[in-house]
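Reproduced below: work-v2.txt, with compact mmCIF, C-alpha atoms.
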```txt
# COMPACT_ATOMS: atom_id res chain seq x y z
CA MET A 1 0.00 0.00 0.00
CA SER A 2 0.96 3.63 -0.40
CA ASP A 3 2.28 5.56 2.55
CA ALA A 4 0.15 8.43 1.18
CA ALA A 5 -3.37 6.98 1.02
CA ASP A 6 -4.90 10.46 0.95
CA GLY A 7 -1.97 12.77 0.45
CA LEU A 8 1.18 13.52 2.42
CA PRO A 9 1.35 15.48 5.67
CA GLN A 10 3.09 18.83 5.85
CA PRO A 11 5.94 19.73 5.49
CA ARG A 12 6.65 16.55 3.53
CA GLN A 13 3.92 17.42 1.03
CA PHE A 14 5.60 20.77 0.29
CA TRP A 15 8.98 19.15 -0.41
CA ALA A 16 7.42 16.42 -2.57
CA ILE A 17 5.66 19.10 -4.63
CA PHE A 18 8.91 21.03 -4.83
CA THR A 19 10.95 18.15 -6.25
CA THR A 20 8.29 17.05 -8.77
CA GLY A 21 7.97 20.67 -9.88
CA LEU A 22 11.74 20.98 -10.15
CA GLY A 23 11.96 17.88 -12.33
CA LEU A 24 9.14 19.14 -14.56
CA VAL A 25 10.82 22.55 -14.97
CA MET A 26 14.12 20.97 -16.03
CA ALA A 27 12.45 18.57 -18.47
CA VAL A 28 10.40 21.37 -20.07
CA LEU A 29 13.26 23.88 -20.18
CA THR A 30 15.67 21.38 -21.70
CA GLY A 31 13.16 20.64 -24.42
CA THR A 32 12.99 24.34 -25.39
CA VAL A 33 16.37 25.95 -24.68
CA ALA A 34 18.38 23.66 -26.98
CA GLY A 35 16.63 25.10 -30.03
CA ILE A 36 17.92 28.59 -29.21
CA ALA A 37 21.52 27.29 -29.17
CA LEU A 38 21.37 25.37 -32.48
CA PRO A 39 23.10 28.03 -34.61
CA THR A 40 25.95 28.27 -32.08
CA ILE A 41 26.27 24.49 -31.82
CA ALA A 42 26.37 24.21 -35.62
CA ARG A 43 29.19 26.76 -35.82
CA ASP A 44 31.21 25.19 -32.98
CA PHE A 45 30.99 21.68 -34.42
CA GLY A 46 31.29 22.78 -38.05
CA ILE A 47 28.05 21.04 -39.06
CA SER A 48 25.06 22.03 -41.18
CA PRO A 49 21.83 23.40 -39.67
CA ALA A 50 20.04 20.26 -40.91
CA ALA A 51 22.44 18.10 -38.86
CA ALA A 52 22.25 20.39 -35.82
CA ILE A 53 18.46 20.20 -35.66
CA TRP A 54 18.80 16.55 -34.61
CA VAL A 55 19.89 17.87 -31.21
CA VAL A 56 16.21 18.80 -30.80
CA ASN A 57 14.66 15.99 -32.86
CA ALA A 58 16.52 13.19 -31.06
CA TYR A 59 15.23 14.49 -27.73
CA GLN A 60 11.63 14.78 -28.94
CA LEU A 61 11.64 11.33 -30.53
CA ALA A 62 13.16 9.56 -27.53
CA VAL A 63 10.68 11.18 -25.13
CA THR A 64 7.62 10.30 -27.21
CA MET A 65 8.73 6.71 -27.84
CA THR A 66 9.27 5.92 -24.15
CA LEU A 67 6.59 7.75 -22.14
CA LEU A 68 4.21 4.78 -21.95
CA PRO A 69 6.94 2.17 -21.22
CA PHE A 70 8.22 4.30 -18.33
CA ALA A 71 4.67 4.77 -17.06
CA ALA A 72 4.30 0.97 -17.06
CA LEU A 73 7.59 0.63 -15.17
CA GLY A 74 6.21 3.11 -12.64
CA GLU A 75 3.22 0.85 -11.98
CA ILE A 76 5.50 -2.18 -11.57
CA PHE A 77 8.38 -0.70 -9.53
CA GLY A 78 6.75 2.37 -8.00
CA TYR A 79 6.44 5.90 -9.34
CA ARG A 80 8.96 7.20 -6.79
CA ARG A 81 11.69 4.86 -7.99
CA VAL A 82 11.10 5.59 -11.70
CA TYR A 83 11.07 9.35 -11.02
CA LEU A 84 14.33 9.28 -9.05
CA TRP A 85 16.16 7.06 -11.54
CA GLY A 86 14.89 9.28 -14.35
CA LEU A 87 16.11 12.41 -12.58
CA ALA A 88 19.49 10.78 -11.95
CA ALA A 89 19.84 9.82 -15.64
CA PHE A 90 18.77 13.31 -16.69
CA THR A 91 21.36 14.93 -14.41
CA LEU A 92 24.17 12.65 -15.61
CA ALA A 93 23.18 13.24 -19.23
CA SER A 94 23.25 17.01 -18.67
CA LEU A 95 26.89 16.68 -17.59
CA LEU A 96 27.66 14.58 -20.68
CA CYS A 97 25.93 17.15 -22.93
CA ALA A 98 28.03 19.92 -21.44
CA MET A 99 31.23 17.90 -22.02
CA ALA A 100 30.40 16.68 -25.56
CA GLN A 101 33.11 17.47 -28.12
CA GLY A 102 31.20 16.54 -31.27
CA LEU A 103 27.72 15.92 -32.64
CA PRO A 104 27.68 12.09 -32.18
CA LEU A 105 28.54 12.40 -28.47
CA LEU A 106 26.06 15.23 -27.99
CA LEU A 107 23.27 13.24 -29.68
CA ALA A 108 24.00 10.20 -27.51
CA ALA A 109 23.88 12.38 -24.40
CA ARG A 110 20.67 14.02 -25.58
CA VAL A 111 19.00 10.63 -26.01
CA LEU A 112 19.99 9.68 -22.45
CA GLN A 113 18.73 13.05 -21.26
CA ALA A 114 15.44 12.44 -23.07
CA LEU A 115 15.06 9.03 -21.43
CA GLY A 116 15.52 10.67 -18.03
CA ALA A 117 13.04 13.42 -18.88
CA SER A 118 10.56 10.84 -20.18
CA ALA A 119 10.76 8.88 -16.93
CA VAL A 120 10.18 12.08 -14.94
CA MET A 121 7.24 13.26 -17.06
CA SER A 122 5.62 9.83 -17.39
CA VAL A 123 4.98 9.51 -13.64
CA ASN A 124 4.62 13.20 -12.75
CA SER A 125 0.81 13.23 -12.70
CA ALA A 126 0.60 9.79 -11.08
CA LEU A 127 2.74 11.03 -8.18
CA LEU A 128 0.45 14.03 -7.67
CA ARG A 129 -2.39 11.62 -6.91
CA PHE A 130 -0.43 10.35 -3.90
CA ILE A 131 1.01 13.70 -2.79
CA TYR A 132 -2.21 15.76 -2.56
CA PRO A 133 -5.35 14.88 -0.59
CA ARG A 134 -8.21 14.11 -2.92
CA ARG A 135 -10.13 17.22 -1.90
CA THR A 136 -7.32 19.47 -3.19
CA LEU A 137 -6.14 17.37 -6.13
CA GLY A 138 -7.46 19.87 -8.66
CA ARG A 139 -5.41 22.60 -6.98
CA GLY A 140 -2.37 20.33 -7.33
CA PHE A 141 -2.89 19.91 -11.06
CA GLY A 142 -3.36 23.66 -11.33
CA ILE A 143 -0.04 24.33 -9.64
CA ASN A 144 1.60 21.69 -11.85
CA ALA A 145 0.22 23.34 -14.99
CA MET A 146 1.38 26.73 -13.73
CA ILE A 147 4.91 25.38 -13.26
CA GLY A 148 5.00 23.86 -16.74
CA SER A 149 3.62 26.99 -18.40
CA THR A 150 6.01 29.28 -16.54
CA ALA A 151 8.97 27.13 -17.57
CA SER A 152 7.76 27.15 -21.17
CA ALA A 153 7.37 30.94 -21.12
CA LEU A 154 10.79 31.57 -19.57
CA GLY A 155 12.69 29.02 -21.67
CA PRO A 156 13.67 31.13 -24.70
CA SER A 157 14.47 34.22 -22.61
CA LEU A 158 16.53 32.22 -20.13
CA ALA A 159 18.45 30.51 -22.92
CA ALA A 160 19.18 33.83 -24.60
CA ALA A 161 20.37 35.33 -21.29
CA VAL A 162 22.73 32.40 -20.64
CA LEU A 163 24.17 32.55 -24.16
CA ILE A 164 24.94 36.24 -23.74
CA VAL A 165 27.34 35.56 -20.84
CA ALA A 166 28.42 31.92 -21.35
CA PRO A 167 28.97 29.29 -24.11
CA TRP A 168 26.18 26.85 -24.98
CA PRO A 169 27.40 23.94 -22.76
CA TRP A 170 26.24 25.97 -19.75
CA LEU A 171 22.65 25.51 -20.91
CA PHE A 172 23.09 21.86 -19.92
CA ALA A 173 25.54 22.30 -17.03
CA LEU A 174 23.07 24.46 -15.11
CA ASN A 175 20.81 21.39 -14.73
CA ILE A 176 23.39 19.56 -12.62
CA PRO A 177 23.06 21.34 -9.23
CA PHE A 178 19.28 21.46 -9.53
CA GLY A 179 19.14 17.80 -10.48
CA LEU A 180 21.26 16.81 -7.49
CA ALA A 181 19.09 18.92 -5.19
CA GLY A 182 15.94 17.32 -6.61
CA LEU A 183 17.37 13.84 -6.02
CA TRP A 184 18.30 14.58 -2.42
CA ILE A 185 14.88 16.06 -1.63
CA GLY A 186 13.03 13.36 -3.56
CA LEU A 187 14.72 10.56 -1.62
CA LYS A 188 13.33 12.03 1.60
CA ALA A 189 9.96 13.38 0.52
CA LEU A 190 8.40 11.40 -2.34
CA PRO A 191 5.81 8.79 -1.31
CA GLU A 192 6.03 5.07 -1.86
CA THR A 193 3.16 3.93 -4.07
CA PRO A 194 1.46 0.55 -4.68
CA ARG A 195 3.28 -1.78 -7.05
CA ALA A 196 1.68 -4.06 -9.62
CA GLY A 197 2.42 -7.76 -9.57
CA HIS A 198 2.83 -8.26 -13.31
CA SER A 199 6.08 -8.27 -15.31
CA PHE A 200 7.25 -5.67 -17.83
CA ASP A 201 6.12 -6.39 -21.40
CA LEU A 202 9.32 -5.82 -23.37
CA GLY A 203 7.76 -6.81 -26.71
CA SER A 204 4.96 -4.29 -26.32
CA ALA A 205 7.48 -1.62 -25.32
CA ALA A 206 9.42 -2.25 -28.54
CA LEU A 207 6.23 -2.13 -30.63
CA ASN A 208 5.17 1.06 -28.86
CA ALA A 209 8.53 2.71 -29.60
CA LEU A 210 8.33 1.64 -33.26
CA ALA A 211 4.74 2.84 -33.67
CA PHE A 212 5.22 6.24 -32.05
CA GLY A 213 8.64 6.73 -33.66
CA LEU A 214 7.26 6.13 -37.15
CA LEU A 215 4.20 8.25 -36.39
CA ILE A 216 6.22 11.26 -35.21
CA THR A 217 8.72 11.13 -38.10
CA GLY A 218 5.87 10.62 -40.56
CA ILE A 219 3.86 13.54 -39.21
CA ASP A 220 6.95 15.77 -39.26
CA GLY A 221 7.79 14.65 -42.80
CA ILE A 222 4.34 15.53 -44.14
CA GLY A 223 5.07 19.20 -43.61
CA ASP A 224 8.71 19.13 -44.77
CA GLY A 225 8.48 19.36 -48.53
CA PRO A 226 6.81 18.36 -51.80
CA ASP A 227 8.17 14.79 -51.82
CA ARG A 228 6.22 13.15 -49.04
CA THR A 229 6.48 9.52 -50.17
CA VAL A 230 8.80 8.53 -47.32
CA ALA A 231 6.54 10.25 -44.80
CA LEU A 232 3.49 8.40 -46.10
CA LEU A 233 5.38 5.08 -45.88
CA GLU A 234 6.34 5.91 -42.28
CA LEU A 235 2.71 6.67 -41.44
CA ALA A 236 1.63 3.39 -43.05
CA GLY A 237 4.26 1.54 -41.01
CA ALA A 238 3.04 3.30 -37.86
CA ALA A 239 -0.54 2.20 -38.61
CA VAL A 240 0.55 -1.44 -38.98
CA ALA A 241 2.61 -1.27 -35.78
CA PHE A 242 -0.34 0.25 -33.87
CA VAL A 243 -2.72 -2.47 -35.10
CA VAL A 244 -0.32 -5.19 -33.94
CA LEU A 245 0.26 -3.37 -30.65
CA VAL A 246 -3.45 -2.92 -29.89
CA ARG A 247 -4.20 -6.57 -30.68
CA ARG A 248 -1.38 -7.60 -28.36
CA GLN A 249 -2.71 -5.34 -25.58
CA MET A 250 -6.36 -6.41 -25.77
CA ALA A 251 -5.78 -9.66 -23.90
CA ARG A 252 -3.71 -8.10 -21.09
CA SER A 253 -5.11 -6.94 -17.77
CA ASN A 254 -2.45 -4.22 -17.36
CA PRO A 255 -1.64 -3.18 -20.92
CA LEU A 256 1.29 -0.90 -21.66
CA LEU A 257 -0.85 0.99 -24.20
CA PRO A 258 -3.82 1.66 -21.87
CA VAL A 259 -6.61 0.21 -24.02
CA ASP A 260 -8.42 -0.75 -20.81
CA LEU A 261 -8.60 2.93 -19.81
CA LEU A 262 -9.51 4.03 -23.33
CA ARG A 263 -12.62 1.83 -23.07
CA ARG A 264 -13.83 4.25 -20.39
CA PRO A 265 -15.74 7.08 -22.13
CA VAL A 266 -14.65 9.73 -19.63
CA PHE A 267 -10.98 8.83 -20.08
CA ALA A 268 -11.12 8.51 -23.89
CA LEU A 269 -13.00 11.81 -24.28
CA SER A 270 -10.60 13.60 -21.93
CA ILE A 271 -7.60 12.32 -23.93
CA THR A 272 -9.32 13.44 -27.15
CA ALA A 273 -9.98 16.88 -25.69
CA SER A 274 -6.36 17.19 -24.56
CA THR A 275 -4.95 16.15 -27.95
CA PHE A 276 -7.02 18.62 -29.95
CA SER A 277 -6.56 21.47 -27.50
CA PHE A 278 -2.77 21.06 -27.54
CA ALA A 279 -2.87 20.78 -31.35
CA ALA A 280 -4.66 24.15 -31.48
CA GLN A 281 -2.10 25.66 -29.13
CA GLY A 282 0.76 24.09 -31.11
CA MET A 283 -0.48 25.59 -34.38
CA MET A 284 -0.66 29.04 -32.82
CA PHE A 285 2.83 28.84 -31.30
CA VAL A 286 4.42 27.80 -34.60
CA CYS A 287 2.54 30.02 -37.07
CA MET A 288 2.36 33.29 -35.14
CA PRO A 289 6.14 33.98 -34.97
CA PHE A 290 6.30 33.72 -38.78
CA TYR A 291 3.35 36.09 -39.04
CA PHE A 292 4.92 38.61 -36.67
CA GLU A 293 8.34 38.61 -38.36
CA GLU A 294 7.48 38.10 -42.03
CA ALA A 295 4.04 39.71 -42.38
CA LEU A 296 4.37 42.48 -39.79
CA GLY A 297 8.16 42.94 -40.04
CA LEU A 298 8.78 42.73 -36.28
CA SER A 299 12.13 41.87 -34.69
CA ARG A 300 12.87 38.63 -32.86
CA GLY A 301 12.72 40.45 -29.56
CA GLU A 302 9.31 41.91 -30.35
CA THR A 303 8.11 38.50 -31.52
CA GLY A 304 9.27 36.86 -28.29
CA LEU A 305 7.49 39.55 -26.28
CA LEU A 306 4.25 39.07 -28.19
CA MET A 307 4.39 35.27 -27.75
CA THR A 308 4.71 35.61 -23.97
CA PRO A 309 1.13 36.63 -22.97
CA TRP A 310 -0.34 33.18 -23.77
CA PRO A 311 1.90 31.08 -21.44
CA VAL A 312 1.99 33.79 -18.77
CA THR A 313 -1.82 33.95 -18.72
CA VAL A 314 -1.95 30.14 -18.55
CA ALA A 315 0.42 30.22 -15.57
CA PHE A 316 -1.85 32.64 -13.70
CA THR A 317 -5.08 30.89 -14.70
CA ALA A 318 -4.11 27.25 -14.06
CA PRO A 319 -4.23 27.37 -10.21
CA LEU A 320 -7.64 29.08 -10.35
CA ALA A 321 -8.91 26.43 -12.77
CA GLY A 322 -7.59 23.69 -10.51
CA ARG A 323 -9.43 25.09 -7.50
CA LEU A 324 -12.63 25.40 -9.53
CA SER A 325 -12.36 21.75 -10.58
CA ASP A 326 -12.26 20.75 -6.89
CA ARG A 327 -15.65 22.44 -6.38
CA PHE A 328 -17.46 22.18 -9.72
CA SER A 329 -17.74 19.78 -12.65
CA ALA A 330 -14.36 19.55 -14.37
CA ALA A 331 -16.18 18.86 -17.65
CA ARG A 332 -18.08 22.15 -17.42
CA VAL A 333 -15.05 24.17 -16.32
CA GLY A 334 -13.02 22.67 -19.17
CA ALA A 335 -15.76 23.33 -21.71
CA VAL A 336 -15.98 26.98 -20.64
CA GLY A 337 -12.21 27.19 -21.04
CA GLN A 338 -12.42 25.86 -24.58
CA VAL A 339 -15.17 28.34 -25.47
CA VAL A 340 -12.87 31.14 -24.29
CA GLN A 341 -9.94 29.64 -26.22
CA ILE A 342 -12.07 29.45 -29.37
CA THR A 343 -13.01 33.10 -28.86
CA GLY A 344 -9.36 34.10 -28.48
CA LEU A 345 -8.26 32.23 -31.60
CA LEU A 346 -11.09 33.74 -33.65
CA LEU A 347 -10.17 37.21 -32.38
CA LEU A 348 -6.57 36.59 -33.50
CA ALA A 349 -7.73 35.36 -36.90
CA LEU A 350 -9.90 38.46 -37.36
CA MET A 351 -7.25 41.02 -36.38
CA PRO A 352 -6.92 44.09 -38.59
CA ALA A 353 -4.28 44.01 -41.33
CA ALA A 354 -1.87 46.17 -39.31
CA PRO A 355 -2.61 45.40 -35.65
CA GLY A 356 -1.02 47.40 -32.87
CA PHE A 357 0.95 45.92 -29.98
CA TRP A 358 -1.98 45.86 -27.55
CA ASP A 359 -4.36 44.61 -30.26
CA ILE A 360 -2.30 41.43 -30.28
CA VAL A 361 -1.56 41.18 -26.55
CA TRP A 362 -5.13 41.22 -25.27
CA ARG A 363 -6.22 38.63 -27.84
CA MET A 364 -3.33 36.35 -26.83
CA CYS A 365 -4.37 36.77 -23.21
CA VAL A 366 -7.96 35.73 -23.98
CA ALA A 367 -6.81 32.57 -25.76
CA GLY A 368 -4.27 31.76 -23.02
CA PHE A 369 -6.91 32.27 -20.32
CA GLY A 370 -9.17 29.77 -22.05
CA PHE A 371 -6.42 27.17 -22.41
CA GLY A 372 -5.42 27.60 -18.75
CA LEU A 373 -9.04 27.22 -17.65
CA PHE A 374 -9.30 23.96 -19.62
CA ASN A 375 -5.98 22.21 -18.99
CA SER A 376 -5.91 21.71 -15.20
CA PRO A 377 -9.47 20.31 -14.85
CA ASN A 378 -8.93 18.06 -17.88
CA ASN A 379 -5.68 16.66 -16.45
CA ARG A 380 -7.40 16.05 -13.12
CA THR A 381 -10.17 14.13 -14.90
CA ILE A 382 -7.70 11.99 -16.88
CA ILE A 383 -5.92 10.84 -13.73
CA THR A 384 -8.92 10.43 -11.41
CA SER A 385 -10.98 8.54 -14.02
CA ALA A 386 -8.44 5.70 -13.81
CA PRO A 387 -8.19 3.29 -10.87
CA ALA A 388 -5.36 4.14 -8.49
CA ALA A 389 -3.45 1.04 -9.63
CA ARG A 390 -3.54 2.35 -13.23
CA SER A 391 -2.40 5.89 -12.43
CA GLY A 392 0.83 5.25 -14.33
CA GLY A 393 -0.96 4.34 -17.54
CA ALA A 394 -3.18 7.40 -17.19
CA SER A 395 -0.21 9.68 -16.49
CA GLY A 396 1.76 8.33 -19.45
CA MET A 397 -1.22 8.67 -21.77
CA GLN A 398 -1.81 12.25 -20.62
CA ALA A 399 1.79 13.20 -21.45
CA THR A 400 1.59 11.33 -24.77
CA ALA A 401 -1.62 13.16 -25.75
CA ARG A 402 0.08 16.49 -25.06
CA LEU A 403 3.11 15.67 -27.21
CA MET A 404 1.03 14.15 -30.01
CA GLY A 405 -1.22 17.20 -30.11
CA GLN A 406 1.76 19.56 -30.27
CA THR A 407 3.38 17.45 -33.00
CA MET A 408 0.17 17.31 -35.01
CA GLY A 409 -0.21 21.08 -34.75
CA THR A 410 3.38 21.67 -35.88
CA ALA A 411 2.98 19.34 -38.87
CA ILE A 412 -0.25 21.02 -39.97
CA VAL A 413 1.50 24.40 -39.92
CA GLY A 414 4.32 23.00 -42.08
CA LEU A 415 1.82 21.56 -44.54
CA MET A 416 -0.23 24.76 -44.75
CA PHE A 417 2.84 26.97 -45.15
CA GLY A 418 4.01 24.69 -47.95
CA LEU A 419 0.73 25.35 -49.73
CA MET A 420 0.05 28.98 -48.78
CA SER A 421 3.27 30.45 -47.27
CA VAL A 422 2.75 32.89 -44.37
CA GLY A 423 -0.62 33.76 -45.88
CA GLY A 424 -1.86 30.55 -44.28
CA THR A 425 -1.74 32.05 -40.78
CA ARG A 426 -5.36 33.19 -40.76
CA PRO A 427 -6.74 29.81 -42.00
CA LEU A 428 -4.53 28.08 -39.40
CA LEU A 429 -6.08 30.13 -36.61
CA PHE A 430 -9.57 29.25 -37.87
CA LEU A 431 -8.51 25.59 -37.97
CA GLY A 432 -7.16 25.93 -34.43
CA ALA A 433 -10.56 27.26 -33.35
CA ALA A 434 -12.19 24.23 -35.01
CA PHE A 435 -9.84 21.91 -33.10
CA SER A 436 -10.73 23.71 -29.87
CA LEU A 437 -14.42 23.18 -30.73
CA ILE A 438 -13.75 19.42 -30.96
CA ALA A 439 -12.06 19.60 -27.55
CA CYS A 440 -15.05 21.51 -26.18
CA VAL A 441 -17.55 18.95 -27.48
CA ALA A 442 -15.46 16.09 -26.07
CA SER A 443 -15.30 17.86 -22.71
CA VAL A 444 -19.06 18.39 -22.52
CA ALA A 445 -19.87 14.86 -23.74
CA ARG A 446 -17.94 13.00 -21.07
CA PRO A 447 -19.79 11.67 -18.02
CA ALA A 448 -18.61 12.41 -14.51
CA PRO A 449 -15.83 9.94 -13.58
CA LYS A 450 -16.77 7.18 -11.17
CA VAL A 451 -14.02 6.72 -8.60
```
Output the structure of this file as structure tokens.
Amino acid sequence: MSDAADGLPQPRQFWAIFTTGLGLVMAVLTGTVAGIALPTIARDFGISPAAAIWVVNAYQLAVTMTLLPFAALGEIFGYRRVYLWGLAAFTLASLLCAMAQGLPLLLAARVLQALGASAVMSVNSALLRFIYPRRTLGRGFGINAMIGSTASALGPSLAAAVLIVAPWPWLFALNIPFGLAGLWIGLKALPETPRAGHSFDLGSAALNALAFGLLITGIDGIGDGPDRTVALLELAGAAVAFVVLVRRQMARSNPLLPVDLLRRPVFALSITASTFSFAAQGMMFVCMPFYFEEALGLSRGETGLLMTPWPVTVAFTAPLAGRLSDRFSAARVGAVGQVVQITGLLLLALMPAAPGFWDIVWRMCVAGFGFGLFNSPNNRTIITSAPAARSGGASGMQATARLMGQTMGTAIVGLMFGLMSVGGTRPLLFLGAAFSLIACVASVARPAPKV
């Protein structure tokens, strides 16, 4: 049994929240700051930009391919153990990244770093279920969303500040003291959780990695250029791998791909809502910088400033949304959030031809407020709609839905820009509003979870 049947006592609860938040911040920051350093890395190693971009791609691929396997390991060995080993691997990999003398060594270190980040993120939400009392669990997810959004908002600015005063290896070296601190605190504060009695399904883990790997590379390839034959073959291979994987999982009581949870309408609809909402957000985050710089002629600094209101508003809204979901129907709170997000995206799509600074800012704030109002209650519903013993599968699926939505949004932007150039920004915002409408319908349609 867990030593935290209904949350941890204070001050242990505070320190457990602190270390899970610290791990989430490092995983999110590391996924964003490396992109800022790519030109510098390319120059230092004497490689092409196309080769350097694998510093980001390798990380994204490794995370997506291993989230569900690590979530399954969390159910078998305990979420605490998987989190701590993941944080240890992440910290060691950060040291190796900082010491890398060439692209092959840096890529190897980035894959190890991604595996550590994947382990941390895969059990993050599952741990929250055992850290917070049930009556304040929504507040916990709100704080967690606030932490993630704040890290996402600060990532580019923090990376730029570090690169002004130090070479790029420091972007990775700065993780080391924080990682060690998180390990020390986590060993003392994180709760033990129930462990499943089944063994790890290595074959399903390999199929899962193949399916998601082919899916991500195929989706990315669709938006890369006119010759999309390879991408279509990768998507076909992903479909075959998923069919084999699902058939393998159907007969298992604790499947790695949580088909048992997806049979629950509330869980399946919440995952659907999350995927489409993050796809809408992903489209906005990719297309708007091009619009600001190429259509409006703004500088990179001005573009970064105009992209900030969305995540900052999410960071402020998420705790409020979490508290509301502790008192009211999470489905209704989430649906209201999606209505507000739809409104914000439509307002952005209908901006005047030459909008002023504040014309953009207040519209971004509206859309960010809606997303923040939706995300925390939806995450709470995903986790609490699963039995406690399947919290790992629910947590892994939640993280996978987020990444798949963001990847889908990015690929759609690439495809639309290939067809319409930057002129496709307005249609993309309308499409984002349509995706948010799907998320809204899914949120309203789900029944209250029975727990």
### Task
Just the residues within 7 Å of Val333 (chain A), please, counting all atoms listed in the file, with nothing from its chain fewer than 4 positions along; format it as a list in words.
Ser325, Ser329, Gly337, Leu373, Phe374 and Pro377 of chain A
### Task
Go through A:Leu261, A:Ile53, A:Val340, A:Val165 one by one, measure the shortest atom-to-atom distance of each to Ser277 (chain A) using all atoms listed in the file, and give the residue with the smallest value.
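For Ser277 (chain A), the nearest of the given residues is A:Val340.
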### Task
Select all residues near (10.8, 23.8, -25.2) (cut-off 9 Å, inclusive, file coordinates), counting only C-alpha atoms, and output them as number ranges by chain.
A: 27-35, 151-153, 155-156
### Selection near Ala434 (chain A), 12 Å with only C-alpha atoms, sequence-local residues under 3 positions removed, as a list of chain:residue names
A:Phe276, A:Ser277, A:Ala279, A:Ala280, A:Gln281, A:Met283, A:Gln338, A:Val339, A:Gln341, A:Ile342, A:Thr343, A:Leu345, A:Leu346, A:Pro427, A:Leu428, A:Leu429, A:Phe430, A:Leu431, A:Leu437, A:Ile438, A:Ala439, A:Cys440, A:Val441
#### Entry: Atomic distance CA of Ile47 (chain A) - CA of Ala100 (chain A), expressed in Å with one decimal
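Interatomic distance, CA of Ile47 (chain A) to CA of Ala100 (chain A): 14.4 Å.
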### Task
Using all atoms listed in the file, determine which residues lie at most 7 Å from region 105-118 of chain A, disregarding the query and same-chain residues fewer than 2 positions distant; provide the list as a ChimeraX atom specification.
/A:27,55,58-59,62-63,66-67,86-87,89-90,93-94,96-97,100-103,120-122
### Message
Let me make sure I understand: among A:Ala196, A:Asp44, A:Ile143, A:Asn124, which one has the smallest atom-to-atom distance to Ala388 (chain A) if we use only C-alpha atoms?
### Response
A:Ala196
### Summary
note - CA of Phe328 (chain A) and CA of Gly392 (chain A) are separated by 25.3 Å
### Message
Which residue is closest to Thr410 (chain A)? Choose from A:Ile216, A:Ala295, A:Ala238, A:Ile271 and count only C-alpha atoms.
### Response
A:Ile216
### Task
Pick out the residues sitting within 7 Å of region 316-318 of chain A, and hand them over as a list of chain:residue names; count all atoms listed in the file, and ignore anything fewer than 4 positions along from it in its own chain.
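My reading of the contact set: A:Gly142, A:Ile143, A:Ala145, A:Met146, A:Val312, A:Gly322, A:Phe369, A:Gly372, A:Leu373, A:Ser376.
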